[in-house]
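Shown here: run.pdb, PDB, N, CA and C atoms, pLDDT in the B column.
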```pdb
MODEL        1
ATOM      1  N   MET A   1     314.453 121.933 -62.887  1.00 57.00           N
ATOM      2  CA  MET A   1     315.243 120.731 -63.060  1.00 57.00           C
ATOM      3  C   MET A   1     316.588 120.862 -62.338  1.00 57.00           C
ATOM      4  N   ARG A   2     317.195 122.045 -62.406  1.00 68.00           N
ATOM      5  CA  ARG A   2     318.479 122.251 -61.723  1.00 68.00           C
ATOM      6  C   ARG A   2     318.335 122.121 -60.216  1.00 68.00           C
ATOM      7  N   SER A   3     317.210 122.626 -59.698  1.00 72.00           N
ATOM      8  CA  SER A   3     316.985 122.551 -58.251  1.00 72.00           C
ATOM      9  C   SER A   3     316.923 121.095 -57.782  1.00 72.00           C
ATOM     10  N   ARG A   4     316.247 120.260 -58.547  1.00 72.00           N
ATOM     11  CA  ARG A   4     316.124 118.842 -58.201  1.00 72.00           C
ATOM     12  C   ARG A   4     317.504 118.177 -58.211  1.00 72.00           C
ATOM     13  N   ALA A   5     318.304 118.479 -59.216  1.00 71.00           N
ATOM     14  CA  ALA A   5     319.646 117.911 -59.304  1.00 71.00           C
ATOM     15  C   ALA A   5     320.520 118.418 -58.155  1.00 71.00           C
ATOM     16  N   ALA A   6     320.347 119.673 -57.777  1.00 73.00           N
ATOM     17  CA  ALA A   6     321.118 120.227 -56.661  1.00 73.00           C
ATOM     18  C   ALA A   6     320.770 119.525 -55.352  1.00 73.00           C
ATOM     19  N   TRP A   7     319.472 119.281 -55.137  1.00 75.00           N
ATOM     20  CA  TRP A   7     319.052 118.584 -53.910  1.00 75.00           C
ATOM     21  C   TRP A   7     319.609 117.158 -53.854  1.00 75.00           C
ATOM     22  N   MET A   8     319.553 116.469 -54.985  1.00 74.00           N
ATOM     23  CA  MET A   8     320.057 115.100 -55.024  1.00 74.00           C
ATOM     24  C   MET A   8     321.574 115.079 -54.817  1.00 74.00           C
ATOM     25  N   GLY A   9     322.272 116.051 -55.405  1.00 71.00           N
ATOM     26  CA  GLY A   9     323.716 116.148 -55.204  1.00 71.00           C
ATOM     27  C   GLY A   9     324.065 116.421 -53.760  1.00 71.00           C
ATOM     28  N   LEU A  10     323.301 117.308 -53.112  1.00 73.00           N
ATOM     29  CA  LEU A  10     323.530 117.608 -51.699  1.00 73.00           C
ATOM     30  C   LEU A  10     323.307 116.369 -50.835  1.00 73.00           C
ATOM     31  N   ALA A  11     322.251 115.628 -51.132  1.00 72.00           N
ATOM     32  CA  ALA A  11     321.965 114.413 -50.358  1.00 72.00           C
ATOM     33  C   ALA A  11     323.099 113.400 -50.501  1.00 72.00           C
ATOM     34  N   LEU A  12     323.594 113.204 -51.704  1.00 68.00           N
ATOM     35  CA  LEU A  12     324.692 112.254 -51.913  1.00 68.00           C
ATOM     36  C   LEU A  12     325.968 112.724 -51.223  1.00 68.00           C
ATOM     37  N   LEU A  13     326.231 114.027 -51.258  1.00 67.00           N
ATOM     38  CA  LEU A  13     327.404 114.571 -50.583  1.00 67.00           C
ATOM     39  C   LEU A  13     327.322 114.345 -49.079  1.00 67.00           C
ATOM     40  N   LEU A  14     326.156 114.588 -48.491  1.00 68.00           N
ATOM     41  CA  LEU A  14     325.993 114.397 -47.053  1.00 68.00           C
ATOM     42  C   LEU A  14     326.105 112.926 -46.669  1.00 68.00           C
ATOM     43  N   LEU A  15     325.586 112.043 -47.511  1.00 67.00           N
ATOM     44  CA  LEU A  15     325.701 110.613 -47.223  1.00 67.00           C
ATOM     45  C   LEU A  15     327.157 110.162 -47.245  1.00 67.00           C
ATOM     46  N   ALA A  16     327.933 110.703 -48.156  1.00 65.00           N
ATOM     47  CA  ALA A  16     329.344 110.336 -48.254  1.00 65.00           C
ATOM     48  C   ALA A  16     330.161 110.932 -47.112  1.00 65.00           C
ATOM     49  N   ALA A  17     329.676 112.021 -46.504  1.00 63.00           N
ATOM     50  CA  ALA A  17     330.431 112.705 -45.464  1.00 63.00           C
ATOM     51  C   ALA A  17     330.243 112.091 -44.078  1.00 63.00           C
ATOM     52  N   VAL A  18     329.272 111.192 -43.909  1.00 59.00           N
ATOM     53  CA  VAL A  18     329.035 110.578 -42.596  1.00 59.00           C
ATOM     54  C   VAL A  18     330.154 109.580 -42.320  1.00 59.00           C
ATOM     55  N   PRO A  19     330.951 109.814 -41.264  1.00 59.00           N
ATOM     56  CA  PRO A  19     332.067 108.916 -40.984  1.00 59.00           C
ATOM     57  C   PRO A  19     331.606 107.596 -40.371  1.00 59.00           C
ATOM     58  N   ALA A  20     332.413 106.572 -40.567  1.00 55.00           N
ATOM     59  CA  ALA A  20     332.152 105.294 -39.908  1.00 55.00           C
ATOM     60  C   ALA A  20     332.438 105.449 -38.425  1.00 55.00           C
ATOM     61  N   SER A  21     331.605 104.864 -37.581  1.00 46.00           N
ATOM     62  CA  SER A  21     331.787 105.017 -36.138  1.00 46.00           C
ATOM     63  C   SER A  21     332.241 103.706 -35.518  1.00 46.00           C
ATOM     64  N   ALA A  22     332.794 103.823 -34.325  1.00 48.00           N
ATOM     65  CA  ALA A  22     333.272 102.652 -33.591  1.00 48.00           C
ATOM     66  C   ALA A  22     332.086 101.842 -33.069  1.00 48.00           C
ATOM     67  N   GLN A  23     332.326 100.591 -32.738  1.00 58.00           N
ATOM     68  CA  GLN A  23     331.273  99.707 -32.251  1.00 58.00           C
ATOM     69  C   GLN A  23     330.659 100.201 -30.950  1.00 58.00           C
ATOM     70  N   ASP A  24     331.456 100.770 -30.042  1.00 71.00           N
ATOM     71  CA  ASP A  24     330.954 101.146 -28.727  1.00 71.00           C
ATOM     72  C   ASP A  24     330.438 102.580 -28.667  1.00 71.00           C
ATOM     73  N   GLY A  25     330.611 103.374 -29.696  1.00 83.00           N
ATOM     74  CA  GLY A  25     330.164 104.762 -29.703  1.00 83.00           C
ATOM     75  C   GLY A  25     328.803 104.903 -30.349  1.00 83.00           C
ATOM     76  N   PRO A  26     328.305 106.119 -30.400  1.00 88.00           N
ATOM     77  CA  PRO A  26     327.015 106.335 -31.067  1.00 88.00           C
ATOM     78  C   PRO A  26     327.141 106.102 -32.566  1.00 88.00           C
ATOM     79  N   ARG A  27     326.067 105.639 -33.170  1.00 91.00           N
ATOM     80  CA  ARG A  27     326.038 105.418 -34.621  1.00 91.00           C
ATOM     81  C   ARG A  27     325.111 106.451 -35.247  1.00 91.00           C
ATOM     82  N   PHE A  28     325.607 107.128 -36.261  1.00 92.00           N
ATOM     83  CA  PHE A  28     324.857 108.164 -36.939  1.00 92.00           C
ATOM     84  C   PHE A  28     324.406 107.657 -38.308  1.00 92.00           C
ATOM     85  N   SER A  29     323.259 108.155 -38.749  1.00 93.00           N
ATOM     86  CA  SER A  29     322.782 107.799 -40.081  1.00 93.00           C
ATOM     87  C   SER A  29     322.114 109.015 -40.717  1.00 93.00           C
ATOM     88  N   LEU A  30     322.162 109.049 -42.018  1.00 94.00           N
ATOM     89  CA  LEU A  30     321.510 110.092 -42.787  1.00 94.00           C
ATOM     90  C   LEU A  30     320.894 109.438 -44.010  1.00 94.00           C
ATOM     91  N   SER A  31     319.627 109.708 -44.252  1.00 94.00           N
ATOM     92  CA  SER A  31     318.973 109.118 -45.417  1.00 94.00           C
ATOM     93  C   SER A  31     318.034 110.132 -46.050  1.00 94.00           C
ATOM     94  N   SER A  32     317.698 109.856 -47.293  1.00 94.00           N
ATOM     95  CA  SER A  32     316.788 110.715 -48.021  1.00 94.00           C
ATOM     96  C   SER A  32     316.100 109.889 -49.101  1.00 94.00           C
ATOM     97  N   SER A  33     315.028 110.424 -49.609  1.00 93.00           N
ATOM     98  CA  SER A  33     314.342 109.800 -50.738  1.00 93.00           C
ATOM     99  C   SER A  33     313.700 110.912 -51.561  1.00 93.00           C
ATOM    100  N   PHE A  34     313.086 110.536 -52.668  1.00 94.00           N
ATOM    101  CA  PHE A  34     312.473 111.504 -53.565  1.00 94.00           C
ATOM    102  C   PHE A  34     311.143 110.948 -54.034  1.00 94.00           C
ATOM    103  N   ASN A  35     310.083 111.759 -53.920  1.00 94.00           N
ATOM    104  CA  ASN A  35     308.770 111.334 -54.361  1.00 94.00           C
ATOM    105  C   ASN A  35     308.144 112.445 -55.206  1.00 94.00           C
ATOM    106  N   TYR A  36     307.700 112.083 -56.408  1.00 94.00           N
ATOM    107  CA  TYR A  36     307.053 113.027 -57.320  1.00 94.00           C
ATOM    108  C   TYR A  36     305.724 112.447 -57.747  1.00 94.00           C
ATOM    109  N   SER A  37     304.684 113.259 -57.648  1.00 93.00           N
ATOM    110  CA  SER A  37     303.380 112.803 -58.139  1.00 93.00           C
ATOM    111  C   SER A  37     302.655 113.964 -58.818  1.00 93.00           C
ATOM    112  N   LYS A  38     301.843 113.603 -59.813  1.00 92.00           N
ATOM    113  CA  LYS A  38     301.083 114.603 -60.549  1.00 92.00           C
ATOM    114  C   LYS A  38     299.756 113.993 -60.944  1.00 92.00           C
ATOM    115  N   GLY A  39     298.686 114.742 -60.758  1.00 91.00           N
ATOM    116  CA  GLY A  39     297.368 114.247 -61.140  1.00 91.00           C
ATOM    117  C   GLY A  39     296.297 115.259 -60.821  1.00 91.00           C
ATOM    118  N   ASP A  40     295.048 114.925 -61.170  1.00 88.00           N
ATOM    119  CA  ASP A  40     293.952 115.847 -60.882  1.00 88.00           C
ATOM    120  C   ASP A  40     293.261 115.509 -59.554  1.00 88.00           C
ATOM    121  N   TYR A  41     293.450 114.309 -59.057  1.00 83.00           N
ATOM    122  CA  TYR A  41     292.948 113.892 -57.743  1.00 83.00           C
ATOM    123  C   TYR A  41     291.476 114.241 -57.539  1.00 83.00           C
ATOM    124  N   GLY A  42     290.665 114.060 -58.598  1.00 86.00           N
ATOM    125  CA  GLY A  42     289.225 114.273 -58.496  1.00 86.00           C
ATOM    126  C   GLY A  42     288.792 115.717 -58.665  1.00 86.00           C
ATOM    127  N   THR A  43     289.696 116.620 -58.994  1.00 87.00           N
ATOM    128  CA  THR A  43     289.341 118.018 -59.215  1.00 87.00           C
ATOM    129  C   THR A  43     289.572 118.370 -60.685  1.00 87.00           C
ATOM    130  N   SER A  44     289.261 119.595 -61.045  1.00 88.00           N
ATOM    131  CA  SER A  44     289.424 120.007 -62.438  1.00 88.00           C
ATOM    132  C   SER A  44     290.834 120.509 -62.746  1.00 88.00           C
ATOM    133  N   GLU A  45     291.663 120.721 -61.730  1.00 90.00           N
ATOM    134  CA  GLU A  45     293.019 121.227 -61.948  1.00 90.00           C
ATOM    135  C   GLU A  45     294.057 120.173 -61.570  1.00 90.00           C
ATOM    136  N   ASP A  46     295.180 120.181 -62.311  1.00 91.00           N
ATOM    137  CA  ASP A  46     296.286 119.269 -62.005  1.00 91.00           C
ATOM    138  C   ASP A  46     297.059 119.750 -60.792  1.00 91.00           C
ATOM    139  N   THR A  47     297.518 118.813 -60.009  1.00 91.00           N
ATOM    140  CA  THR A  47     298.349 119.100 -58.840  1.00 91.00           C
ATOM    141  C   THR A  47     299.677 118.384 -59.023  1.00 91.00           C
ATOM    142  N   GLU A  48     300.767 119.070 -58.742  1.00 93.00           N
ATOM    143  CA  GLU A  48     302.109 118.498 -58.839  1.00 93.00           C
ATOM    144  C   GLU A  48     302.759 118.585 -57.464  1.00 93.00           C
ATOM    145  N   ILE A  49     303.244 117.461 -56.953  1.00 93.00           N
ATOM    146  CA  ILE A  49     303.832 117.413 -55.611  1.00 93.00           C
ATOM    147  C   ILE A  49     305.239 116.828 -55.700  1.00 93.00           C
ATOM    148  N   ILE A  50     306.181 117.531 -55.082  1.00 94.00           N
ATOM    149  CA  ILE A  50     307.550 117.036 -54.937  1.00 94.00           C
ATOM    150  C   ILE A  50     307.828 116.960 -53.442  1.00 94.00           C
ATOM    151  N   TYR A  51     308.227 115.794 -52.976  1.00 95.00           N
ATOM    152  CA  TYR A  51     308.492 115.567 -51.554  1.00 95.00           C
ATOM    153  C   TYR A  51     309.862 114.918 -51.398  1.00 95.00           C
ATOM    154  N   VAL A  52     310.753 115.585 -50.643  1.00 94.00           N
ATOM    155  CA  VAL A  52     312.096 115.062 -50.401  1.00 94.00           C
ATOM    156  C   VAL A  52     312.364 115.139 -48.896  1.00 94.00           C
ATOM    157  N   PRO A  53     312.240 114.023 -48.168  1.00 95.00           N
ATOM    158  CA  PRO A  53     312.545 114.045 -46.738  1.00 95.00           C
ATOM    159  C   PRO A  53     314.027 113.740 -46.481  1.00 95.00           C
ATOM    160  N   PHE A  54     314.631 114.484 -45.572  1.00 94.00           N
ATOM    161  CA  PHE A  54     315.994 114.217 -45.111  1.00 94.00           C
ATOM    162  C   PHE A  54     315.883 113.749 -43.668  1.00 94.00           C
ATOM    163  N   THR A  55     316.388 112.557 -43.372  1.00 94.00           N
ATOM    164  CA  THR A  55     316.286 111.988 -42.029  1.00 94.00           C
ATOM    165  C   THR A  55     317.671 111.769 -41.446  1.00 94.00           C
ATOM    166  N   PHE A  56     317.899 112.344 -40.263  1.00 95.00           N
ATOM    167  CA  PHE A  56     319.145 112.175 -39.525  1.00 95.00           C
ATOM    168  C   PHE A  56     318.837 111.349 -38.289  1.00 95.00           C
ATOM    169  N   GLY A  57     319.656 110.339 -38.018  1.00 94.00           N
ATOM    170  CA  GLY A  57     319.430 109.484 -36.860  1.00 94.00           C
ATOM    171  C   GLY A  57     320.700 109.272 -36.054  1.00 94.00           C
ATOM    172  N   VAL A  58     320.528 109.030 -34.785  1.00 93.00           N
ATOM    173  CA  VAL A  58     321.639 108.672 -33.910  1.00 93.00           C
ATOM    174  C   VAL A  58     321.158 107.527 -33.014  1.00 93.00           C
ATOM    175  N   LYS A  59     321.999 106.518 -32.861  1.00 91.00           N
ATOM    176  CA  LYS A  59     321.629 105.350 -32.058  1.00 91.00           C
ATOM    177  C   LYS A  59     322.688 105.132 -30.991  1.00 91.00           C
ATOM    178  N   LEU A  60     322.237 105.101 -29.751  1.00 88.00           N
ATOM    179  CA  LEU A  60     323.064 104.797 -28.592  1.00 88.00           C
ATOM    180  C   LEU A  60     322.505 103.525 -27.976  1.00 88.00           C
ATOM    181  N   ASP A  61     323.323 102.598 -27.653  1.00 83.00           N
ATOM    182  CA  ASP A  61     322.921 101.306 -27.070  1.00 83.00           C
ATOM    183  C   ASP A  61     321.469 100.928 -27.381  1.00 83.00           C
ATOM    184  N   ARG A  62     320.530 101.273 -26.491  1.00 85.00           N
ATOM    185  CA  ARG A  62     319.129 100.912 -26.694  1.00 85.00           C
ATOM    186  C   ARG A  62     318.244 102.106 -27.017  1.00 85.00           C
ATOM    187  N   PHE A  63     318.835 103.251 -27.265  1.00 90.00           N
ATOM    188  CA  PHE A  63     318.092 104.476 -27.541  1.00 90.00           C
ATOM    189  C   PHE A  63     318.367 104.936 -28.969  1.00 90.00           C
ATOM    190  N   GLU A  64     317.309 105.285 -29.683  1.00 92.00           N
ATOM    191  CA  GLU A  64     317.469 105.767 -31.052  1.00 92.00           C
ATOM    192  C   GLU A  64     316.605 107.017 -31.250  1.00 92.00           C
ATOM    193  N   LEU A  65     317.197 108.040 -31.844  1.00 93.00           N
ATOM    194  CA  LEU A  65     316.502 109.290 -32.101  1.00 93.00           C
ATOM    195  C   LEU A  65     316.632 109.626 -33.578  1.00 93.00           C
ATOM    196  N   ARG A  66     315.508 110.006 -34.202  1.00 94.00           N
ATOM    197  CA  ARG A  66     315.506 110.372 -35.617  1.00 94.00           C
ATOM    198  C   ARG A  66     314.799 111.713 -35.790  1.00 94.00           C
ATOM    199  N   LEU A  67     315.341 112.506 -36.706  1.00 95.00           N
ATOM    200  CA  LEU A  67     314.751 113.799 -37.034  1.00 95.00           C
ATOM    201  C   LEU A  67     314.577 113.846 -38.547  1.00 95.00           C
ATOM    202  N   THR A  68     313.361 114.136 -38.996  1.00 94.00           N
ATOM    203  CA  THR A  68     313.080 114.241 -40.419  1.00 94.00           C
ATOM    204  C   THR A  68     312.720 115.674 -40.759  1.00 94.00           C
ATOM    205  N   VAL A  69     313.428 116.227 -41.736  1.00 94.00           N
ATOM    206  CA  VAL A  69     313.156 117.578 -42.222  1.00 94.00           C
ATOM    207  C   VAL A  69     312.707 117.432 -43.675  1.00 94.00           C
ATOM    208  N   PRO A  70     311.441 117.757 -43.958  1.00 94.00           N
ATOM    209  CA  PRO A  70     310.934 117.565 -45.312  1.00 94.00           C
ATOM    210  C   PRO A  70     311.092 118.809 -46.174  1.00 94.00           C
ATOM    211  N   TYR A  71     311.263 118.579 -47.469  1.00 93.00           N
ATOM    212  CA  TYR A  71     311.143 119.622 -48.476  1.00 93.00           C
ATOM    213  C   TYR A  71     309.917 119.264 -49.287  1.00 93.00           C
ATOM    214  N   ILE A  72     308.916 120.159 -49.306  1.00 93.00           N
ATOM    215  CA  ILE A  72     307.669 119.898 -50.024  1.00 93.00           C
ATOM    216  C   ILE A  72     307.400 121.070 -50.951  1.00 93.00           C
ATOM    217  N   ARG A  73     307.081 120.727 -52.190  1.00 92.00           N
ATOM    218  CA  ARG A  73     306.712 121.771 -53.147  1.00 92.00           C
ATOM    219  C   ARG A  73     305.513 121.301 -53.939  1.00 92.00           C
TER     220      ARG A  73
ENDMDL
END
```
As structure tokens:
Amino acid sequence: MRSRAAWMGLALLLLAAVPASAQDGPRFSLSSSFNYSKGDYGTSEDTEIIYVPFTFGVKLDRFELRLTVPYIR
């Protein structure tokens, strides 16, 4: 439970740290989400999945680049 709270706190801290950019310069973005699922999925054993993707993006005029780094457990 502490690990989940730490990840969410880190994500909020990083979102708050992204500075506002000028209209003519590159625009940066950082986003994240949280997905939890648990079930047997047709087998005899339960499976628990935690997925937290962190996505960093930069946009220049007509070019946009995004990088997603997932945390999966």
| request: Around the point (311.5, 110.0, -52.8) in the file's coordinates, collect all residues with an atom within 7 Å, using only C-alpha atoms, and return them as a ChimeraX atom specification. | output: /A:33-35,51-52
With N, CA and C atoms retained, could you export that selection as a compact mmCIF listing (two decimals), keeping the file's coordinate frame?
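Now in again14.txt:
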```
# COMPACT_ATOMS: atom_id res chain seq x y z
N SER A 33 315.03 110.42 -49.61
CA SER A 33 314.34 109.80 -50.74
C SER A 33 313.70 110.91 -51.56
N PHE A 34 313.09 110.54 -52.67
CA PHE A 34 312.47 111.50 -53.56
C PHE A 34 311.14 110.95 -54.03
N ASN A 35 310.08 111.76 -53.92
CA ASN A 35 308.77 111.33 -54.36
C ASN A 35 308.14 112.44 -55.21
N TYR A 51 308.23 115.79 -52.98
CA TYR A 51 308.49 115.57 -51.55
C TYR A 51 309.86 114.92 -51.40
N VAL A 52 310.75 115.58 -50.64
CA VAL A 52 312.10 115.06 -50.40
C VAL A 52 312.36 115.14 -48.90
```
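The interatomic distance for the pair atom C of A:Asp61 and atom CA of A:Ser29 works out to 14.5 Å.
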| task | List the residues selected by the PyMOL selection byres (((chain A and resi 72 and name CA) around 12) and name CA) in the file shown, writing them as a PyMOL selection string. | result | chain A and resi 4+34-37+48-54+69-71+73
| request: Enter the distance from atom CA of A:Phe63 to atom CA of A:Arg27, in Å, rounded to one decimal. | output: 10.7 Å
| field | Backbone DSSP call of alpha helix (DSSP H) for stretch 5-71 of chain A, listed as a ChimeraX atom specification | value | /A:5-17
Around the point (319.1, 112.0, -43.8) (coordinates from the file), which residues reach within 5 Å if we count only N, CA and C atoms? Answer as a PDB file with N, CA and C atoms, in the frame of the given file.
```pdb
ATOM      1  N   LEU A  30     322.162 109.049 -42.018  1.00 94.00           N
ATOM      2  CA  LEU A  30     321.510 110.092 -42.787  1.00 94.00           C
ATOM      3  C   LEU A  30     320.894 109.438 -44.010  1.00 94.00           C
ATOM      4  N   SER A  31     319.627 109.708 -44.252  1.00 94.00           N
ATOM      5  CA  SER A  31     318.973 109.118 -45.417  1.00 94.00           C
ATOM      6  C   SER A  31     318.034 110.132 -46.050  1.00 94.00           C
ATOM      7  N   SER A  32     317.698 109.856 -47.293  1.00 94.00           N
ATOM      8  CA  SER A  32     316.788 110.715 -48.021  1.00 94.00           C
ATOM      9  C   SER A  32     316.100 109.889 -49.101  1.00 94.00           C
ATOM     10  N   PHE A  54     314.631 114.484 -45.572  1.00 94.00           N
ATOM     11  CA  PHE A  54     315.994 114.217 -45.111  1.00 94.00           C
ATOM     12  C   PHE A  54     315.883 113.749 -43.668  1.00 94.00           C
ATOM     13  N   THR A  55     316.388 112.557 -43.372  1.00 94.00           N
ATOM     14  CA  THR A  55     316.286 111.988 -42.029  1.00 94.00           C
ATOM     15  C   THR A  55     317.671 111.769 -41.446  1.00 94.00           C
ATOM     16  N   PHE A  56     317.899 112.344 -40.263  1.00 95.00           N
ATOM     17  CA  PHE A  56     319.145 112.175 -39.525  1.00 95.00           C
ATOM     18  C   PHE A  56     318.837 111.349 -38.289  1.00 95.00           C
TER      19      PHE A  56
END
```
| query | Which value, in Å to one decimal, gives the distance between atom CA of A:Arg66 and atom CA of A:Gly9? | reply | 22.0 Å
| note | Of A:Thr47, A:Gly39, A:Phe28, A:Ala11, the one sitting nearest A:Leu67 when using only C-alpha atoms is A:Phe28
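In terms of minimum interatomic distance to A:Glu64, A:Pro26 ranks closest within A:Pro26, A:Ala5, A:Leu10, A:Ser44, counting only C-alpha atoms.
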| task | Using DSSP on the backbone, list every residue of chain A that comes out as strand (DSSP E), and give them as a VMD selection string. | result | chain A and resid 27 to 32 35 to 39 47 to 60 63 to 72
